[in-house]
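Remarks on the structure that follows.
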Amino acid sequence: MNAGHESSHAAAMRVATYNIKHGRGMDGTIDLERTAATLETFDADIIALQEVDDRTRRSGGVDQASWLAERLGMHAAFGTFMDFQGGRYGLAILSRQPIRSHEAWRLPDGNEPRAALAVRLMTDSGETFTAIAVHFDWVEDDAYRYEQARETIRRIESLETSWIVLGDFNDVPGSRTMIAFEQMGRNAVKPADDAATFPADRPTIEIDHIVTGPPGAWMPASAMVIPESRTSDHRPVMTELLPAGD
């Protein structure tokens, strides 16, 4: 990744997405400190997290989003999918900048309930934008996944700000889900020989993405897959973004 933006453009943002599998690594151990240590290496301004637990029994009753935010010195918003094991299960966004507002967009149910988490943030230059974390249905039949994507796109189309969608789309480039997003924004392109994100130990498919829009709002970005093979069953994806007007 080219980090050269930082010296010449103060408004450059580093953003990442990571399915953390509620802190459970490829060794089967839940270790949220290991998750935090991995997130810390990103040095990111915004991190979208999928498969986040809030006070569930399997994760020891921890509010994972708040715990990670405090550990990293960031702000957090959580969006719930469903009640689970005495707590809630969903996704989160961590941000260096204060979160001005957030809401969970309920999506059509799939094999599990789903929501997208939208947070309102501000760039260094004072422009408001919306970051949206997603985690779409995972089964091979894309019917649920595509309906969830369509509803997310419908909500994005009503935004008055520029936007960034980050997450586990559970679909590959060229799928109708990804084509629908690419018709309204730009998918940050990964190196052709290092684009796969799942499974983390020997990745074979590219299902984690960062899409920005509208097309003229952000400078075209390339993304990198971070070679982390133990902390979760996905690999993280990161990119640097610069608002096109800066």
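The chains in the structure tokens are called A, B, ... from first to last as shown; in each chain the residues are counted from 1, and the ligands are counted from 1 in the order shown.
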
Would you please extract all helix (DSSP H, G or I) residues from stretch 40-167 of chain A, as assigned by DSSP on the backbone, and give them as a PyMOL selection string? chain A and resi 40-42+64-72+143-157

Counting only C-alpha atoms, give me one row per residue of stretch 96-204 of chain A with an atom at most 10 Å from an atom of stretch 236-239 of chain A, showing the shortest contact pair and its distance in Å to one decimal, sorted by chain then residue number, as CSV.
residue,atom,partner,partner_atom,distance
A:Leu166,CA,A:Val237,CA,9.1
A:Gly167,CA,A:Val237,CA,8.9
A:Asp168,CA,A:Pro236,CA,9.9
A:Ala188,CA,A:Thr239,CA,7.4
A:Val189,CA,A:Thr239,CA,9.3
A:Lys190,CA,A:Val237,CA,8.9
A:Ala195,CA,A:Val237,CA,9.2
A:Ala196,CA,A:Val237,CA,9.8
A:Thr197,CA,A:Pro236,CA,7.2
A:Phe198,CA,A:Pro236,CA,9.6
A:Ala200,CA,A:Pro236,CA,8.9

Mind checking which residues fall within 10 Å of A:Asp171, counting only C-alpha atoms, ignoring those fewer than 5 positions away in the same chain, and posting them as a list of chain:residue names?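 Within the cut-off, the hits are A:Phe136, A:Asp137, A:Trp138, A:Val139, A:Glu140, A:Asp142, A:Arg145, A:Tyr146, A:Arg176, A:Thr177, A:Met178, A:Ile205, A:Glu206, A:Ile207, A:Asp208, A:His209.
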
Would you save the residues from that selection as a PDB file, in the first residue's frame, using N, CA, C and O atoms?
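Heads up, here's the output in selection-v9.pdb:
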ATOM      1  N   PHE A 136     -23.296  -9.841   4.804  1.00  0.00           N
ATOM      2  CA  PHE A 136     -24.436 -10.434   4.108  1.00  0.00           C
ATOM      3  C   PHE A 136     -24.481 -11.953   4.290  1.00  0.00           C
ATOM      4  O   PHE A 136     -23.517 -12.575   4.739  1.00  0.00           O
ATOM      5  N   ASP A 137     -25.607 -12.531   3.902  1.00  0.00           N
ATOM      6  CA  ASP A 137     -25.847 -13.968   4.030  1.00  0.00           C
ATOM      7  C   ASP A 137     -24.737 -14.773   3.350  1.00  0.00           C
ATOM      8  O   ASP A 137     -24.166 -14.332   2.353  1.00  0.00           O
ATOM      9  N   TRP A 138     -24.462 -15.973   3.900  1.00  0.00           N
ATOM     10  CA  TRP A 138     -23.260 -16.691   3.508  1.00  0.00           C
ATOM     11  C   TRP A 138     -23.461 -17.922   2.635  1.00  0.00           C
ATOM     12  O   TRP A 138     -22.478 -18.460   2.119  1.00  0.00           O
ATOM     13  N   VAL A 139     -24.688 -18.401   2.445  1.00  0.00           N
ATOM     14  CA  VAL A 139     -24.846 -19.680   1.746  1.00  0.00           C
ATOM     15  C   VAL A 139     -24.604 -19.514   0.249  1.00  0.00           C
ATOM     16  O   VAL A 139     -24.606 -18.402  -0.290  1.00  0.00           O
ATOM     17  N   GLU A 140     -24.406 -20.636  -0.431  1.00  0.00           N
ATOM     18  CA  GLU A 140     -24.047 -20.590  -1.857  1.00  0.00           C
ATOM     19  C   GLU A 140     -25.142 -19.922  -2.692  1.00  0.00           C
ATOM     20  O   GLU A 140     -24.845 -19.124  -3.587  1.00  0.00           O
ATOM     21  N   ASP A 142     -27.416 -17.253  -3.673  1.00  0.00           N
ATOM     22  CA  ASP A 142     -27.242 -15.832  -3.345  1.00  0.00           C
ATOM     23  C   ASP A 142     -28.556 -15.064  -3.192  1.00  0.00           C
ATOM     24  O   ASP A 142     -28.534 -13.828  -3.086  1.00  0.00           O
ATOM     25  N   ARG A 145     -28.681 -13.043   0.034  1.00  0.00           N
ATOM     26  CA  ARG A 145     -27.576 -12.084   0.004  1.00  0.00           C
ATOM     27  C   ARG A 145     -27.876 -10.930  -0.950  1.00  0.00           C
ATOM     28  O   ARG A 145     -27.642  -9.753  -0.621  1.00  0.00           O
ATOM     29  N   TYR A 146     -28.393 -11.242  -2.103  1.00  0.00           N
ATOM     30  CA  TYR A 146     -28.676 -10.209  -3.088  1.00  0.00           C
ATOM     31  C   TYR A 146     -29.792  -9.282  -2.611  1.00  0.00           C
ATOM     32  O   TYR A 146     -29.712  -8.057  -2.813  1.00  0.00           O
ATOM     33  N   ARG A 176     -23.565 -10.906  -8.890  1.00  0.00           N
ATOM     34  CA  ARG A 176     -24.552  -9.838  -9.068  1.00  0.00           C
ATOM     35  C   ARG A 176     -24.591  -8.902  -7.864  1.00  0.00           C
ATOM     36  O   ARG A 176     -24.888  -7.713  -8.005  1.00  0.00           O
ATOM     37  N   THR A 177     -24.250  -9.418  -6.677  1.00  0.00           N
ATOM     38  CA  THR A 177     -24.160  -8.544  -5.504  1.00  0.00           C
ATOM     39  C   THR A 177     -23.077  -7.491  -5.701  1.00  0.00           C
ATOM     40  O   THR A 177     -23.302  -6.291  -5.507  1.00  0.00           O
ATOM     41  N   MET A 178     -21.880  -7.908  -6.097  1.00  0.00           N
ATOM     42  CA  MET A 178     -20.783  -6.954  -6.242  1.00  0.00           C
ATOM     43  C   MET A 178     -20.984  -6.055  -7.453  1.00  0.00           C
ATOM     44  O   MET A 178     -20.633  -4.866  -7.417  1.00  0.00           O
ATOM     45  N   ILE A 205     -10.828 -17.466  -1.682  1.00  0.00           N
ATOM     46  CA  ILE A 205     -11.891 -16.640  -2.261  1.00  0.00           C
ATOM     47  C   ILE A 205     -11.839 -15.222  -1.703  1.00  0.00           C
ATOM     48  O   ILE A 205     -11.440 -14.993  -0.564  1.00  0.00           O
ATOM     49  N   GLU A 206     -12.252 -14.286  -2.532  1.00  0.00           N
ATOM     50  CA  GLU A 206     -12.243 -12.857  -2.181  1.00  0.00           C
ATOM     51  C   GLU A 206     -13.670 -12.426  -1.851  1.00  0.00           C
ATOM     52  O   GLU A 206     -14.475 -12.181  -2.753  1.00  0.00           O
ATOM     53  N   ILE A 207     -13.992 -12.329  -0.553  1.00  0.00           N
ATOM     54  CA  ILE A 207     -15.363 -12.013  -0.152  1.00  0.00           C
ATOM     55  C   ILE A 207     -15.466 -10.795   0.766  1.00  0.00           C
ATOM     56  O   ILE A 207     -16.566 -10.406   1.142  1.00  0.00           O
ATOM     57  N   ASP A 208     -14.321 -10.187   1.124  1.00  0.00           N
ATOM     58  CA  ASP A 208     -14.310  -8.993   1.978  1.00  0.00           C
ATOM     59  C   ASP A 208     -13.894  -7.805   1.125  1.00  0.00           C
ATOM     60  O   ASP A 208     -12.867  -7.862   0.439  1.00  0.00           O
ATOM     61  N   HIS A 209     -14.689  -6.728   1.178  1.00  0.00           N
ATOM     62  CA  HIS A 209     -14.508  -5.634   0.228  1.00  0.00           C
ATOM     63  C   HIS A 209     -14.683  -4.269   0.898  1.00  0.00           C
ATOM     64  O   HIS A 209     -15.316  -4.155   1.952  1.00  0.00           O
TER      65      HIS A 209
END

Find the residues around A:Thr29 up to 10 Å (only C-alpha atoms counted), leave out those fewer than 6 positions away in its own chain, and share them as a VMD selection string. chain A and resid 23 231 to 232

Selected residues written out with all heavy atoms, as a compact mmCIF listing (two decimals), in the first residue's frame:
# COMPACT_ATOMS: atom_id res chain seq x y z
N GLY A 23 -13.70 -12.94 18.15
CA GLY A 23 -12.42 -13.13 18.81
C GLY A 23 -11.88 -14.54 18.78
O GLY A 23 -10.84 -14.82 19.39
N THR A 231 -5.63 -14.90 13.76
CA THR A 231 -6.52 -14.20 14.69
C THR A 231 -7.99 -14.50 14.42
O THR A 231 -8.81 -14.49 15.35
CB THR A 231 -6.26 -12.69 14.60
OG1 THR A 231 -4.88 -12.44 14.91
CG2 THR A 231 -7.11 -11.92 15.58
N SER A 232 -8.37 -14.75 13.18
CA SER A 232 -9.75 -15.03 12.80
C SER A 232 -9.73 -15.97 11.60
O SER A 232 -8.65 -16.37 11.13
CB SER A 232 -10.48 -13.73 12.45
OG SER A 232 -11.80 -13.98 11.98

Residues of stretch 55-117 of chain A within 12 Å of stretch 36-46 of chain A: nearest atom pair and distance (Å, one decimal) for each, counting only C-alpha atoms, sorted by chain and number, as a Markdown table?
| residue | atom | partner | partner_atom | distance |
| --- | --- | --- | --- | --- |
| A:Gln64 | CA | A:Ala36 | CA | 10.1 |
| A:Ala65 | CA | A:Ala36 | CA | 10.5 |
| A:Ser66 | CA | A:Ala36 | CA | 11.6 |
| A:Trp67 | CA | A:Ala36 | CA | 9.1 |
| A:Leu68 | CA | A:Ala36 | CA | 6.1 |
| A:Ala69 | CA | A:Ala36 | CA | 8.9 |
| A:Glu70 | CA | A:Ala36 | CA | 10.0 |
| A:Arg71 | CA | A:Ala36 | CA | 7.1 |
| A:Leu72 | CA | A:Glu40 | CA | 6.7 |
| A:Gly73 | CA | A:Glu40 | CA | 9.9 |
| A:Met74 | CA | A:Asp45 | CA | 8.7 |
| A:His75 | CA | A:Ile46 | CA | 9.5 |
| A:Ala76 | CA | A:Ile46 | CA | 9.8 |
| A:Ala77 | CA | A:Ile46 | CA | 11.3 |
| A:Ala92 | CA | A:Ile46 | CA | 10.6 |
| A:Ile93 | CA | A:Ile46 | CA | 7.0 |
| A:Leu94 | CA | A:Ile46 | CA | 5.6 |
| A:Ser95 | CA | A:Ile46 | CA | 4.5 |
| A:Arg96 | CA | A:Asp45 | CA | 5.2 |
| A:Gln97 | CA | A:Asp45 | CA | 7.5 |
| A:Pro98 | CA | A:Ile46 | CA | 10.8 |
| A:Ile99 | CA | A:Ile46 | CA | 10.6 |

Shell around A:Met26 at 12 Å using only C-alpha atoms, local window under 6 positions removed, as a PDB file with all heavy atoms, in the first residue's frame:
ATOM      1  N   ILE A  20     -14.076 -10.689  12.669  1.00  0.00           N
ATOM      2  CA  ILE A  20     -13.260 -11.135  13.805  1.00  0.00           C
ATOM      3  C   ILE A  20     -13.747 -12.434  14.438  1.00  0.00           C
ATOM      4  O   ILE A  20     -13.130 -12.932  15.378  1.00  0.00           O
ATOM      5  CB  ILE A  20     -13.161 -10.042  14.890  1.00  0.00           C
ATOM      6  CG1 ILE A  20     -14.530  -9.741  15.505  1.00  0.00           C
ATOM      7  CG2 ILE A  20     -12.484  -8.790  14.331  1.00  0.00           C
ATOM      8  CD1 ILE A  20     -14.452  -8.884  16.767  1.00  0.00           C
ATOM      9  N   ARG A  34      -5.752 -10.737  21.621  1.00  0.00           N
ATOM     10  CA  ARG A  34      -5.082 -11.021  20.347  1.00  0.00           C
ATOM     11  C   ARG A  34      -5.769 -10.261  19.208  1.00  0.00           C
ATOM     12  O   ARG A  34      -5.091  -9.713  18.326  1.00  0.00           O
ATOM     13  CB  ARG A  34      -5.104 -12.527  20.072  1.00  0.00           C
ATOM     14  CG  ARG A  34      -4.540 -12.931  18.730  1.00  0.00           C
ATOM     15  CD  ARG A  34      -4.408 -14.444  18.595  1.00  0.00           C
ATOM     16  NE  ARG A  34      -5.679 -15.136  18.744  1.00  0.00           N
ATOM     17  CZ  ARG A  34      -5.802 -16.459  18.770  1.00  0.00           C
ATOM     18  NH1 ARG A  34      -4.728 -17.236  18.669  1.00  0.00           N
ATOM     19  NH2 ARG A  34      -6.993 -17.017  18.909  1.00  0.00           N
ATOM     20  N   THR A  35      -7.113 -10.234  19.233  1.00  0.00           N
ATOM     21  CA  THR A  35      -7.846  -9.460  18.223  1.00  0.00           C
ATOM     22  C   THR A  35      -7.441  -7.995  18.283  1.00  0.00           C
ATOM     23  O   THR A  35      -7.177  -7.364  17.253  1.00  0.00           O
ATOM     24  CB  THR A  35      -9.361  -9.595  18.442  1.00  0.00           C
ATOM     25  OG1 THR A  35      -9.730 -10.975  18.398  1.00  0.00           O
ATOM     26  CG2 THR A  35     -10.139  -8.829  17.385  1.00  0.00           C
ATOM     27  N   PHE A 198     -10.454 -15.470   2.456  1.00  0.00           N
ATOM     28  CA  PHE A 198     -11.019 -16.550   3.255  1.00  0.00           C
ATOM     29  C   PHE A 198     -10.703 -17.883   2.600  1.00  0.00           C
ATOM     30  O   PHE A 198     -10.744 -17.981   1.369  1.00  0.00           O
ATOM     31  CB  PHE A 198     -12.553 -16.374   3.359  1.00  0.00           C
ATOM     32  CG  PHE A 198     -13.226 -17.423   4.190  1.00  0.00           C
ATOM     33  CD1 PHE A 198     -13.331 -17.280   5.562  1.00  0.00           C
ATOM     34  CD2 PHE A 198     -13.751 -18.562   3.591  1.00  0.00           C
ATOM     35  CE1 PHE A 198     -13.945 -18.258   6.329  1.00  0.00           C
ATOM     36  CE2 PHE A 198     -14.366 -19.543   4.349  1.00  0.00           C
ATOM     37  CZ  PHE A 198     -14.462 -19.386   5.725  1.00  0.00           C
ATOM     38  N   PRO A 199     -10.386 -18.927   3.431  1.00  0.00           N
ATOM     39  CA  PRO A 199     -10.129 -18.913   4.870  1.00  0.00           C
ATOM     40  C   PRO A 199      -8.747 -18.336   5.172  1.00  0.00           C
ATOM     41  O   PRO A 199      -7.865 -18.337   4.311  1.00  0.00           O
ATOM     42  CB  PRO A 199     -10.214 -20.386   5.263  1.00  0.00           C
ATOM     43  CG  PRO A 199      -9.834 -21.130   4.011  1.00  0.00           C
ATOM     44  CD  PRO A 199     -10.326 -20.297   2.865  1.00  0.00           C
ATOM     45  N   ALA A 200      -8.568 -17.854   6.385  1.00  0.00           N
ATOM     46  CA  ALA A 200      -7.388 -17.051   6.713  1.00  0.00           C
ATOM     47  C   ALA A 200      -6.087 -17.808   6.550  1.00  0.00           C
ATOM     48  O   ALA A 200      -5.071 -17.222   6.156  1.00  0.00           O
ATOM     49  CB  ALA A 200      -7.499 -16.520   8.145  1.00  0.00           C
ATOM     50  N   ASP A 201      -6.079 -19.116   6.855  1.00  0.00           N
ATOM     51  CA  ASP A 201      -4.806 -19.832   6.809  1.00  0.00           C
ATOM     52  C   ASP A 201      -4.357 -20.125   5.381  1.00  0.00           C
ATOM     53  O   ASP A 201      -3.166 -20.077   5.077  1.00  0.00           O
ATOM     54  CB  ASP A 201      -4.871 -21.118   7.641  1.00  0.00           C
ATOM     55  CG  ASP A 201      -6.044 -22.012   7.273  1.00  0.00           C
ATOM     56  OD1 ASP A 201      -6.907 -21.580   6.485  1.00  0.00           O
ATOM     57  OD2 ASP A 201      -6.104 -23.154   7.793  1.00  0.00           O
ATOM     58  N   ARG A 202      -5.325 -20.400   4.483  1.00  0.00           N
ATOM     59  CA  ARG A 202      -4.989 -20.616   3.061  1.00  0.00           C
ATOM     60  C   ARG A 202      -6.106 -20.032   2.224  1.00  0.00           C
ATOM     61  O   ARG A 202      -6.941 -20.757   1.689  1.00  0.00           O
ATOM     62  CB  ARG A 202      -4.820 -22.101   2.776  1.00  0.00           C
ATOM     63  CG  ARG A 202      -3.730 -22.746   3.615  1.00  0.00           C
ATOM     64  CD  ARG A 202      -3.498 -24.187   3.221  1.00  0.00           C
ATOM     65  NE  ARG A 202      -2.831 -24.270   1.939  1.00  0.00           N
ATOM     66  CZ  ARG A 202      -2.024 -25.270   1.599  1.00  0.00           C
ATOM     67  NH1 ARG A 202      -1.779 -26.244   2.435  1.00  0.00           N
ATOM     68  NH2 ARG A 202      -1.466 -25.303   0.406  1.00  0.00           N
ATOM     69  N   GLU A 228      -2.674 -11.868   7.826  1.00  0.00           N
ATOM     70  CA  GLU A 228      -2.898 -12.345   9.193  1.00  0.00           C
ATOM     71  C   GLU A 228      -3.676 -13.660   9.111  1.00  0.00           C
ATOM     72  O   GLU A 228      -4.808 -13.691   8.632  1.00  0.00           O
ATOM     73  CB  GLU A 228      -3.687 -11.297   9.989  1.00  0.00           C
ATOM     74  CG  GLU A 228      -4.208 -11.784  11.329  1.00  0.00           C
ATOM     75  CD  GLU A 228      -3.128 -12.388  12.200  1.00  0.00           C
ATOM     76  OE1 GLU A 228      -2.112 -11.712  12.456  1.00  0.00           O
ATOM     77  OE2 GLU A 228      -3.302 -13.556  12.609  1.00  0.00           O
ATOM     78  N   SER A 229      -3.079 -14.750   9.572  1.00  0.00           N
ATOM     79  CA  SER A 229      -3.648 -16.082   9.347  1.00  0.00           C
ATOM     80  C   SER A 229      -4.128 -16.784  10.611  1.00  0.00           C
ATOM     81  O   SER A 229      -4.633 -17.901  10.518  1.00  0.00           O
ATOM     82  CB  SER A 229      -2.612 -16.969   8.646  1.00  0.00           C
ATOM     83  OG  SER A 229      -1.448 -17.094   9.443  1.00  0.00           O
ATOM     84  N   ARG A 230      -4.005 -16.153  11.782  1.00  0.00           N
ATOM     85  CA  ARG A 230      -4.339 -16.851  13.026  1.00  0.00           C
ATOM     86  C   ARG A 230      -5.487 -16.228  13.815  1.00  0.00           C
ATOM     87  O   ARG A 230      -6.237 -16.927  14.495  1.00  0.00           O
ATOM     88  CB  ARG A 230      -3.107 -16.913  13.943  1.00  0.00           C
ATOM     89  CG  ARG A 230      -1.954 -17.732  13.415  1.00  0.00           C
ATOM     90  CD  ARG A 230      -0.790 -17.742  14.389  1.00  0.00           C
ATOM     91  NE  ARG A 230      -1.154 -18.298  15.685  1.00  0.00           N
ATOM     92  CZ  ARG A 230      -1.249 -17.589  16.816  1.00  0.00           C
ATOM     93  NH1 ARG A 230      -1.020 -16.292  16.805  1.00  0.00           N
ATOM     94  NH2 ARG A 230      -1.563 -18.171  17.937  1.00  0.00           N
ATOM     95  N   THR A 231      -5.633 -14.901  13.763  1.00  0.00           N
ATOM     96  CA  THR A 231      -6.525 -14.197  14.686  1.00  0.00           C
ATOM     97  C   THR A 231      -7.991 -14.496  14.423  1.00  0.00           C
ATOM     98  O   THR A 231      -8.812 -14.490  15.348  1.00  0.00           O
ATOM     99  CB  THR A 231      -6.257 -12.687  14.603  1.00  0.00           C
ATOM    100  OG1 THR A 231      -4.880 -12.443  14.905  1.00  0.00           O
ATOM    101  CG2 THR A 231      -7.113 -11.917  15.577  1.00  0.00           C
ATOM    102  N   SER A 232      -8.372 -14.746  13.175  1.00  0.00           N
ATOM    103  CA  SER A 232      -9.750 -15.030  12.796  1.00  0.00           C
ATOM    104  C   SER A 232      -9.726 -15.974  11.604  1.00  0.00           C
ATOM    105  O   SER A 232      -8.651 -16.365  11.127  1.00  0.00           O
ATOM    106  CB  SER A 232     -10.483 -13.731  12.448  1.00  0.00           C
ATOM    107  OG  SER A 232     -11.796 -13.982  11.982  1.00  0.00           O
ATOM    108  N   ASP A 233     -10.927 -16.335  11.098  1.00  0.00           N
ATOM    109  CA  ASP A 233     -10.971 -17.188   9.907  1.00  0.00           C
ATOM    110  C   ASP A 233     -10.998 -16.375   8.617  1.00  0.00           C
ATOM    111  O   ASP A 233     -10.989 -16.942   7.522  1.00  0.00           O
ATOM    112  CB  ASP A 233     -12.152 -18.159   9.963  1.00  0.00           C
ATOM    113  CG  ASP A 233     -13.501 -17.473  10.057  1.00  0.00           C
ATOM    114  OD1 ASP A 233     -13.551 -16.262  10.372  1.00  0.00           O
ATOM    115  OD2 ASP A 233     -14.527 -18.150   9.836  1.00  0.00           O
ATOM    116  N   HIS A 234     -11.068 -15.046   8.717  1.00  0.00           N
ATOM    117  CA  HIS A 234     -10.924 -14.150   7.572  1.00  0.00           C
ATOM    118  C   HIS A 234      -9.610 -13.393   7.697  1.00  0.00           C
ATOM    119  O   HIS A 234      -9.071 -13.231   8.791  1.00  0.00           O
ATOM    120  CB  HIS A 234     -12.047 -13.103   7.542  1.00  0.00           C
ATOM    121  CG  HIS A 234     -13.376 -13.630   7.121  1.00  0.00           C
ATOM    122  ND1 HIS A 234     -14.024 -13.203   5.983  1.00  0.00           N
ATOM    123  CD2 HIS A 234     -14.198 -14.542   7.696  1.00  0.00           C
ATOM    124  CE1 HIS A 234     -15.187 -13.811   5.876  1.00  0.00           C
ATOM    125  NE2 HIS A 234     -15.322 -14.637   6.910  1.00  0.00           N
ATOM    126  N   ARG A 235      -9.123 -12.888   6.573  1.00  0.00           N
ATOM    127  CA  ARG A 235      -8.017 -11.933   6.598  1.00  0.00           C
ATOM    128  C   ARG A 235      -8.581 -10.518   6.498  1.00  0.00           C
ATOM    129  O   ARG A 235      -9.594 -10.302   5.833  1.00  0.00           O
ATOM    130  CB  ARG A 235      -7.037 -12.201   5.459  1.00  0.00           C
ATOM    131  CG  ARG A 235      -6.273 -13.497   5.647  1.00  0.00           C
ATOM    132  CD  ARG A 235      -5.088 -13.629   4.724  1.00  0.00           C
ATOM    133  NE  ARG A 235      -4.324 -14.836   5.061  1.00  0.00           N
ATOM    134  CZ  ARG A 235      -3.145 -15.149   4.552  1.00  0.00           C
ATOM    135  NH1 ARG A 235      -2.579 -14.333   3.654  1.00  0.00           N
ATOM    136  NH2 ARG A 235      -2.512 -16.248   4.906  1.00  0.00           N
TER     137      ARG A 235
END

What's the 12 Å shell around A:Gly60, counting only C-alpha atoms, without same-chain residues fewer than 3 positions away, as a ChimeraX atom specification? /A:22-23,30-32,53-57,63-64,85-87

Write out, as a CSV table (one decimal), in the first residue's frame, the residues just selected, with all heavy atoms.
chain,number,residue,atom,x,y,z
A,22,HIS,N,-16.0,-13.2,16.6
A,22,HIS,CA,-16.1,-12.9,18.0
A,22,HIS,C,-14.8,-13.2,18.8
A,22,HIS,O,-14.8,-13.7,19.9
A,22,HIS,CB,-17.3,-13.7,18.7
A,22,HIS,CG,-17.3,-15.2,18.6
A,22,HIS,ND1,-17.8,-15.8,17.5
A,22,HIS,CD2,-16.9,-16.1,19.4
A,22,HIS,CE1,-17.7,-17.1,17.6
A,22,HIS,NE2,-17.1,-17.3,18.8
A,23,GLY,N,-13.7,-12.9,18.1
A,23,GLY,CA,-12.4,-13.1,18.8
A,23,GLY,C,-11.9,-14.5,18.8
A,23,GLY,O,-10.8,-14.8,19.4
A,30,ILE,N,-10.9,-18.2,21.9
A,30,ILE,CA,-11.3,-16.9,22.0
A,30,ILE,C,-10.3,-16.0,22.7
A,30,ILE,O,-10.1,-16.3,23.9
A,30,ILE,CB,-12.7,-16.7,22.6
A,30,ILE,CG1,-13.8,-17.5,21.7
A,30,ILE,CG2,-13.1,-15.3,22.8
A,30,ILE,CD1,-15.2,-17.5,22.3
A,31,ASP,N,-9.7,-15.1,22.1
A,31,ASP,CA,-8.7,-14.2,22.7
A,31,ASP,C,-8.8,-12.8,22.1
A,31,ASP,O,-8.3,-12.4,21.1
A,31,ASP,CB,-7.3,-14.8,22.3
A,31,ASP,CG,-6.2,-14.1,23.0
A,31,ASP,OD1,-6.4,-13.0,23.5
A,31,ASP,OD2,-5.0,-14.6,22.9
A,32,LEU,N,-9.6,-12.0,22.8
A,32,LEU,CA,-9.9,-10.7,22.4
A,32,LEU,C,-8.7,-9.8,22.4
A,32,LEU,O,-8.6,-8.8,21.6
A,32,LEU,CB,-11.1,-10.1,23.2
A,32,LEU,CG,-11.9,-9.0,22.5
A,32,LEU,CD1,-12.5,-9.5,21.2
A,32,LEU,CD2,-13.0,-8.5,23.4
A,53,ASP,N,-19.7,-9.9,19.3
A,53,ASP,CA,-20.6,-10.3,20.4
A,53,ASP,C,-20.8,-9.2,21.4
A,53,ASP,O,-19.8,-8.4,21.7
A,53,ASP,CB,-20.1,-11.5,21.1
A,53,ASP,CG,-20.4,-12.8,20.4
A,53,ASP,OD1,-21.1,-12.8,19.4
A,53,ASP,OD2,-19.9,-13.9,20.9
A,54,ASP,N,-21.9,-9.0,21.9
A,54,ASP,CA,-22.2,-8.1,23.0
A,54,ASP,C,-22.8,-8.8,24.2
A,54,ASP,O,-24.0,-9.2,24.2
A,54,ASP,CB,-23.2,-7.0,22.5
A,54,ASP,CG,-23.6,-6.1,23.6
A,54,ASP,OD1,-22.9,-5.9,24.6
A,54,ASP,OD2,-24.7,-5.5,23.5
A,55,ARG,N,-21.9,-9.2,25.1
A,55,ARG,CA,-22.3,-9.8,26.4
A,55,ARG,C,-23.0,-11.2,26.2
A,55,ARG,O,-23.9,-11.5,26.9
A,55,ARG,CB,-23.3,-8.9,27.2
A,55,ARG,CG,-22.6,-7.5,27.6
A,55,ARG,CD,-23.5,-6.7,28.4
A,55,ARG,NE,-24.6,-6.1,27.6
A,55,ARG,CZ,-24.6,-4.9,27.2
A,55,ARG,NH1,-23.6,-4.1,27.5
A,55,ARG,NH2,-25.6,-4.4,26.5
A,56,THR,N,-22.5,-11.9,25.3
A,56,THR,CA,-23.0,-13.3,25.1
A,56,THR,C,-22.2,-14.3,26.0
A,56,THR,O,-21.1,-14.0,26.4
A,56,THR,CB,-22.8,-13.8,23.6
A,56,THR,OG1,-21.4,-13.9,23.3
A,56,THR,CG2,-23.5,-12.8,22.7
A,57,ARG,N,-22.8,-15.4,26.3
A,57,ARG,CA,-22.1,-16.4,27.1
A,57,ARG,C,-20.9,-17.0,26.5
A,57,ARG,O,-19.9,-17.1,27.2
A,57,ARG,CB,-23.1,-17.5,27.4
A,57,ARG,CG,-24.2,-17.2,28.4
A,57,ARG,CD,-25.0,-18.4,28.9
A,57,ARG,NE,-25.8,-19.0,27.8
A,57,ARG,CZ,-27.0,-18.5,27.4
A,57,ARG,NH1,-27.5,-17.5,28.1
A,57,ARG,NH2,-27.6,-19.1,26.5
A,63,ASP,N,-18.8,-6.9,26.3
A,63,ASP,CA,-19.3,-6.0,25.3
A,63,ASP,C,-18.1,-5.8,24.4
A,63,ASP,O,-17.2,-4.9,24.6
A,63,ASP,CB,-19.8,-4.7,25.9
A,63,ASP,CG,-20.1,-3.6,24.9
A,63,ASP,OD1,-19.8,-3.8,23.7
A,63,ASP,OD2,-20.7,-2.6,25.3
A,64,GLN,N,-17.9,-6.6,23.3
A,64,GLN,CA,-16.7,-6.6,22.6
A,64,GLN,C,-16.4,-5.3,21.9
A,64,GLN,O,-15.2,-4.9,21.8
A,64,GLN,CB,-16.7,-7.8,21.6
A,64,GLN,CG,-16.7,-9.1,22.2
A,64,GLN,CD,-16.5,-10.3,21.2
A,64,GLN,OE1,-16.9,-10.2,20.1
A,64,GLN,NE2,-15.8,-11.3,21.7
A,85,GLN,N,-27.5,-16.0,23.2
A,85,GLN,CA,-26.9,-16.5,24.4
A,85,GLN,C,-26.8,-15.4,25.5
A,85,GLN,O,-25.7,-15.2,26.0
A,85,GLN,CB,-25.4,-17.0,24.0
A,85,GLN,CG,-25.4,-18.2,23.2
A,85,GLN,CD,-24.0,-18.8,23.1
A,85,GLN,OE1,-23.0,-18.3,23.6
A,85,GLN,NE2,-23.9,-20.0,22.5
A,86,GLY,N,-27.9,-14.8,25.8
A,86,GLY,CA,-28.0,-13.9,26.8
A,86,GLY,C,-27.5,-12.5,26.5
A,86,GLY,O,-27.6,-11.6,27.3
A,87,GLY,N,-27.1,-12.3,25.3
A,87,GLY,CA,-26.6,-11.0,24.8
A,87,GLY,C,-27.1,-10.7,23.4
A,87,GLY,O,-28.2,-11.1,23.0

Could you give me, as a PyMOL selection string, the residues within 10 Å of A:Ala244, counting only C-alpha atoms and dropping anything in the same chain fewer than 3 positions from it? chain A and resi 215-220+241

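Here atom CA of A:Ala104 stands at a distance of 28.7 Å from atom CA of A:Gly245.
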
From a DSSP calculation on the backbone, collect every residue of stretch 18-214 of chain A in strand (DSSP E or B) and output the set as an MDAnalysis selection string. chainID A and resid 18:19 24 30 46:54 63 75:84 87:95 101:107 114:122 128:135 162:168 186:187 189 198 205 208:213

At what distance in Å, to one decimal, does atom CA of A:Ala133 lie from atom CA of A:Trp105?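 Between atom CA of A:Trp105 and atom CA of A:Ala133 the gap works out to 10.2 Å.
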